[in-house]
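*Asks:* What follows is a structure written as structure tokens; I'll ask about it next.
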Amino acid sequence: MFIATLKLYPLALGLLLLGGYLLGAFSDQSNPLLAKDTFYTILTITSVIVPLGAMLAFFLIGRASDREYLKNTKNQENFTFEDPFALPDEQMHGYKLARIVGREPTFMGLTGDLYLADASAHCGLDADHVPPVKGCQCGFHAFKDLGEAVFERSINRSAFLFDVDLYGLGFIYQRGYRAETQVINHMIAPKRCMLCKILPVKRFVAKYEFSSLGPDMWQWQLRCSVCSSVTKPENRLSIDHMAAKLKIKII
Ligand SMILES: [Zn+2]
Ligand SMILES: [Zn+2]
């Protein structure tokens with residue numbers, strides 16, 4: 001809205017000049033409708049002071065949102081530092097994102113760790129850790145709220161959404177849990193093809209991905225019958241076969 005108004009600003013300035021001209025501010029009449037001095041004052045305000053004010057406003061708004069961003073990221077770091085013993089008997093049911101990778105399909109967390117449907121966490125940073133450890137990121141993470149996990153998936157299009165239960169020692173924080181062991185119950189499969197995003201899903205296909213971030217690997221996607229037809233049969237898996245290989249349900 002503010003930006004849209006700004007776009008009209010040169011037009012408004014032009015109209016002002018035209019108005020000034022019509023009212024005689026540019027003429028040498030002794031008694032024009034609009035005095036030259038008054039017109040120049042208005043012109044100075046509109047062409048110099050207002051734009052400067054707008055620039056200052058942009059600067060201040062930008063600084064304020066930067067500060068807000070820093071505050072938010074700081075809060076997020078604090079999430080995992082809560083008391084692990086504050087969770088004696090709450091059932092840690094949640095939702096999480098993971099990719100399916102490997103020629104023999106397995107789960108890969110967004111941080112790159114590989115695991116099976118029923119697994120205990122390992123710490124990749126410190127061999128002495130039995131996850132979860134306070135002050136470390138180790139352990140299985142899950143969102144408490146399905147809506148948050150769905151949102152995360154909308155910005156991680158190569159990941160799948162899973163319904164999980166966490167067990168053992170756990171940390172609770174605003175967005176969910178971090179715990180020792182994890183059982184994946186089922187995949188909440190996307191309804192549309194992950195390539196064309198139009199047709200309904202039909203089967204999984206594996207693609208060899210070259211990654212700039214980690215090792216190159218086979219990555220699995222759910223595709224429609226059209227988008228999976230070009231993939232070699234040995235790189236395809238039916239939804240039922242994938243469910244059996246991963247030892248989960250796919251719904
Ligand atoms: Zn750790
Ligand atoms: Zn498709």
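Starting from 1 in every chain, residues are counted up; chains themselves are A, B, ... following the order of the structure tokens, and ligands are numbered from 1 as listed.
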Using only C-alpha atoms and all ligand atoms, what are the residues with an atom within 9 Å of ligand 1, set out as a list in words?
*Replies:* His122, Cys123, Gly124, Leu125, Asp126, Ala127, Asp128, His129, Val130, Pro131, Pro132, Val133, Lys134, Gly135, Cys136, Gln137, Cys138 and Gly139 of chain A
*Asks:* Convert the current residue selection to file output with C-alpha atoms, as a PDB file, in the first residue's frame.
*Replies:*
```pdb
ATOM      1  CA  HIS A 122      23.264 -40.587  17.742  1.00  0.00           C
ATOM      2  CA  CYS A 123      25.154 -37.385  18.280  1.00  0.00           C
ATOM      3  CA  GLY A 124      27.266 -36.436  15.286  1.00  0.00           C
ATOM      4  CA  LEU A 125      29.193 -33.823  17.258  1.00  0.00           C
ATOM      5  CA  ASP A 126      30.232 -35.620  20.431  1.00  0.00           C
ATOM      6  CA  ALA A 127      30.633 -39.398  20.750  1.00  0.00           C
ATOM      7  CA  ASP A 128      30.167 -39.118  24.520  1.00  0.00           C
ATOM      8  CA  HIS A 129      26.596 -37.809  24.137  1.00  0.00           C
ATOM      9  CA  VAL A 130      23.574 -39.994  24.698  1.00  0.00           C
ATOM     10  CA  PRO A 131      21.020 -37.742  22.981  1.00  0.00           C
ATOM     11  CA  PRO A 132      19.328 -35.504  23.807  1.00  0.00           C
ATOM     12  CA  VAL A 133      21.937 -33.417  25.589  1.00  0.00           C
ATOM     13  CA  LYS A 134      21.286 -29.966  26.930  1.00  0.00           C
ATOM     14  CA  GLY A 135      23.178 -27.343  24.931  1.00  0.00           C
ATOM     15  CA  CYS A 136      23.591 -29.676  21.922  1.00  0.00           C
ATOM     16  CA  GLN A 137      21.249 -30.216  18.984  1.00  0.00           C
ATOM     17  CA  CYS A 138      21.305 -34.025  19.159  1.00  0.00           C
ATOM     18  CA  GLY A 139      18.178 -36.136  19.462  1.00  0.00           C
TER      19      GLY A 139
END
```
*Asks:* Neighbours of range 204-211 of chain A within 7 Å (only C-alpha atoms; same-chain residues fewer than 4 positions away dropped), as a count of residues only?
*Replies:* 16
*Asks:* Could I get the residues of chain A with an atom no further than 7 Å from an atom of ligand 2, each paired with its nearest atom pair and that distance in Å to one decimal, using only C-alpha atoms and all ligand atoms, sorted by chain and residue number, as a Markdown table?
*Replies:*
```
| residue | atom | partner | partner_atom_place_in_ligand_line | distance |
| --- | --- | --- | --- | --- |
| A:Cys193 | CA | ligand 2 | 1 (Zn) | 4.5 |
| A:Met194 | CA | ligand 2 | 1 (Zn) | 6.6 |
| A:Leu195 | CA | ligand 2 | 1 (Zn) | 5.1 |
| A:Cys196 | CA | ligand 2 | 1 (Zn) | 4.0 |
| A:Lys197 | CA | ligand 2 | 1 (Zn) | 6.0 |
| A:Ile198 | CA | ligand 2 | 1 (Zn) | 6.2 |
| A:Leu199 | CA | ligand 2 | 1 (Zn) | 5.4 |
| A:Arg223 | CA | ligand 2 | 1 (Zn) | 5.3 |
| A:Cys224 | CA | ligand 2 | 1 (Zn) | 4.3 |
| A:Ser225 | CA | ligand 2 | 1 (Zn) | 6.8 |
| A:Val226 | CA | ligand 2 | 1 (Zn) | 5.7 |
| A:Cys227 | CA | ligand 2 | 1 (Zn) | 4.2 |
```
*Asks:* Keeping N, CA and C atoms for every residue in the selection just given, could you write it to a file as an mmCIF file, in the first residue's frame?
*Replies:*
```cif
data_model
loop_
_atom_site.group_PDB
_atom_site.id
_atom_site.type_symbol
_atom_site.label_atom_id
_atom_site.label_comp_id
_atom_site.auth_asym_id
_atom_site.auth_seq_id
_atom_site.Cartn_x
_atom_site.Cartn_y
_atom_site.Cartn_z
ATOM 1 N N CYS A 193 1.716 -34.629 -7.501
ATOM 2 C CA CYS A 193 3.043 -34.959 -8.019
ATOM 3 C C CYS A 193 4.061 -33.902 -7.578
ATOM 4 N N MET A 194 5.245 -34.372 -7.112
ATOM 5 C CA MET A 194 6.252 -33.423 -6.631
ATOM 6 C C MET A 194 6.989 -32.736 -7.779
ATOM 7 N N LEU A 195 6.750 -33.166 -9.023
ATOM 8 C CA LEU A 195 7.411 -32.497 -10.152
ATOM 9 C C LEU A 195 6.458 -31.513 -10.833
ATOM 10 N N CYS A 196 5.334 -32.022 -11.370
ATOM 11 C CA CYS A 196 4.441 -31.116 -12.123
ATOM 12 C C CYS A 196 3.488 -30.367 -11.193
ATOM 13 N N LYS A 197 3.286 -30.900 -9.990
ATOM 14 C CA LYS A 197 2.421 -30.267 -8.974
ATOM 15 C C LYS A 197 0.975 -30.114 -9.444
ATOM 16 N N ILE A 198 0.588 -30.967 -10.411
ATOM 17 C CA ILE A 198 -0.775 -30.888 -10.936
ATOM 18 C C ILE A 198 -1.503 -32.216 -10.749
ATOM 19 N N LEU A 199 -0.897 -33.283 -11.263
ATOM 20 C CA LEU A 199 -1.591 -34.573 -11.292
ATOM 21 C C LEU A 199 -1.426 -35.329 -9.966
ATOM 22 N N ARG A 223 5.741 -39.088 -7.633
ATOM 23 C CA ARG A 223 5.338 -38.430 -8.883
ATOM 24 C C ARG A 223 4.063 -39.030 -9.459
ATOM 25 N N CYS A 224 3.488 -38.299 -10.396
ATOM 26 C CA CYS A 224 2.293 -38.769 -11.092
ATOM 27 C C CYS A 224 2.692 -39.780 -12.163
ATOM 28 N N SER A 225 1.713 -40.405 -12.796
ATOM 29 C CA SER A 225 2.023 -41.428 -13.797
ATOM 30 C C SER A 225 2.769 -40.832 -14.991
ATOM 31 N N VAL A 226 2.461 -39.588 -15.347
ATOM 32 C CA VAL A 226 3.135 -38.959 -16.495
ATOM 33 C C VAL A 226 4.589 -38.661 -16.154
ATOM 34 N N CYS A 227 4.812 -37.958 -15.025
ATOM 35 C CA CYS A 227 6.168 -37.530 -14.669
ATOM 36 C C CYS A 227 7.060 -38.703 -14.246
#
```
*Asks:* Counting only C-alpha atoms, which residue out of A:Leu8, A:Leu116, A:Met55, A:Leu43 sits closest to Leu246 in chain A?
*Replies:*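 Under the stated criterion, the closest residue is A:Leu116.
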*Asks:* Using only C-alpha atoms, which protein or nucleic acid residues come within 7 Å of Gly168 in chain A? Drop anything in the same chain fewer than 2 positions from it, and give the result as a PyMOL selection string.
*Replies:* chain A and resi 170+179-181
*Asks:* Report, in Å with one decimal, the straight-line distance from CA of Pro233 in chain A to CA of Arg103 in chain A.
*Replies:*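 Atom-to-atom, CA of Pro233 in chain A and CA of Arg103 in chain A are spaced 13.3 Å apart.
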*Asks:* Just the number, please: distance in Å from CA of Ile100 in chain A to CA of Tyr115 in chain A, one decimal.
*Replies:*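 Between these atoms lies a distance of 10.0 Å.
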*Asks:* Write down as a ChimeraX atom specification the residues belonging to range 56-227 of chain A that are assigned strand (DSSP E or B) by DSSP computed on the backbone.
*Replies:* /A:92-101,106-109,114-115,118-120,140-143,160-173,176-188,192,200,203-209,217-223
*Asks:* Output as a PyMOL selection string all residues of range 32-247 of chain A that backbone DSSP marks as alpha helix (DSSP H).
*Replies:* chain A and resi 36-44+50-79+146-154+239-246
*Asks:* Can you work out which one of A:Asn185, A:Leu17, A:Lys245, A:Val48 has the shortest atom-to-atom distance to Gly102 in chain A, counting only C-alpha atoms?
*Replies:*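 Once distances to Gly102 in chain A are computed over only C-alpha atoms, the minimum belongs to A:Lys245.
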*Asks:* Identify, on the basis of only C-alpha atoms, every residue whose closest approach to Gly19 in chain A does not exceed 10 Å; exclude the query and any residue fewer than 6 positions from it along the same chain; express the result as a list in words.
*Replies:*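 Listing them by chain and then by number gives Leu13, Ala25, Leu34 and Phe39 of chain A.
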*Asks:* Write out as a PyMOL selection string each polymer residue whose atoms come within 12 Å of Asp37 in chain A, counting only C-alpha atoms; drop sequence neighbours fewer than 3 positions from it.
*Replies:* chain A and resi 20+24-26+32-34+40-44
*Asks:* For Tyr9 in chain A, which residue among A:Leu110, A:Phe160, A:Thr46, A:Tyr21 is the nearest when counting only C-alpha atoms?
*Replies:*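 Looking at the shortest contact to Tyr9 in chain A, the residue is A:Thr46.
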*Asks:* Restricting the calculation to only C-alpha atoms: of A:Ile45, A:Ala189, A:Met92, A:Ala57, which residue gets closest to Asp165 in chain A?
*Replies:*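 Ranked by minimum distance to Asp165 in chain A, first place goes to A:Met92.
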*Asks:* Smallest atom-to-atom distance to Arg178 in chain A: which of A:Ser154, A:Phe140, A:Lys202, A:Leu18, using only C-alpha atoms?
*Replies:*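 Among A:Ser154, A:Phe140, A:Lys202, A:Leu18, it is A:Phe140 that comes nearest to Arg178 in chain A.
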*Asks:* I'd like the interatomic distance between CA of Leu161 in chain A and CA of Met242 in chain A, to a tenth of an Å.
*Replies:*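 About the pair CA of Leu161 in chain A and CA of Met242 in chain A: they are 14.7 Å apart.
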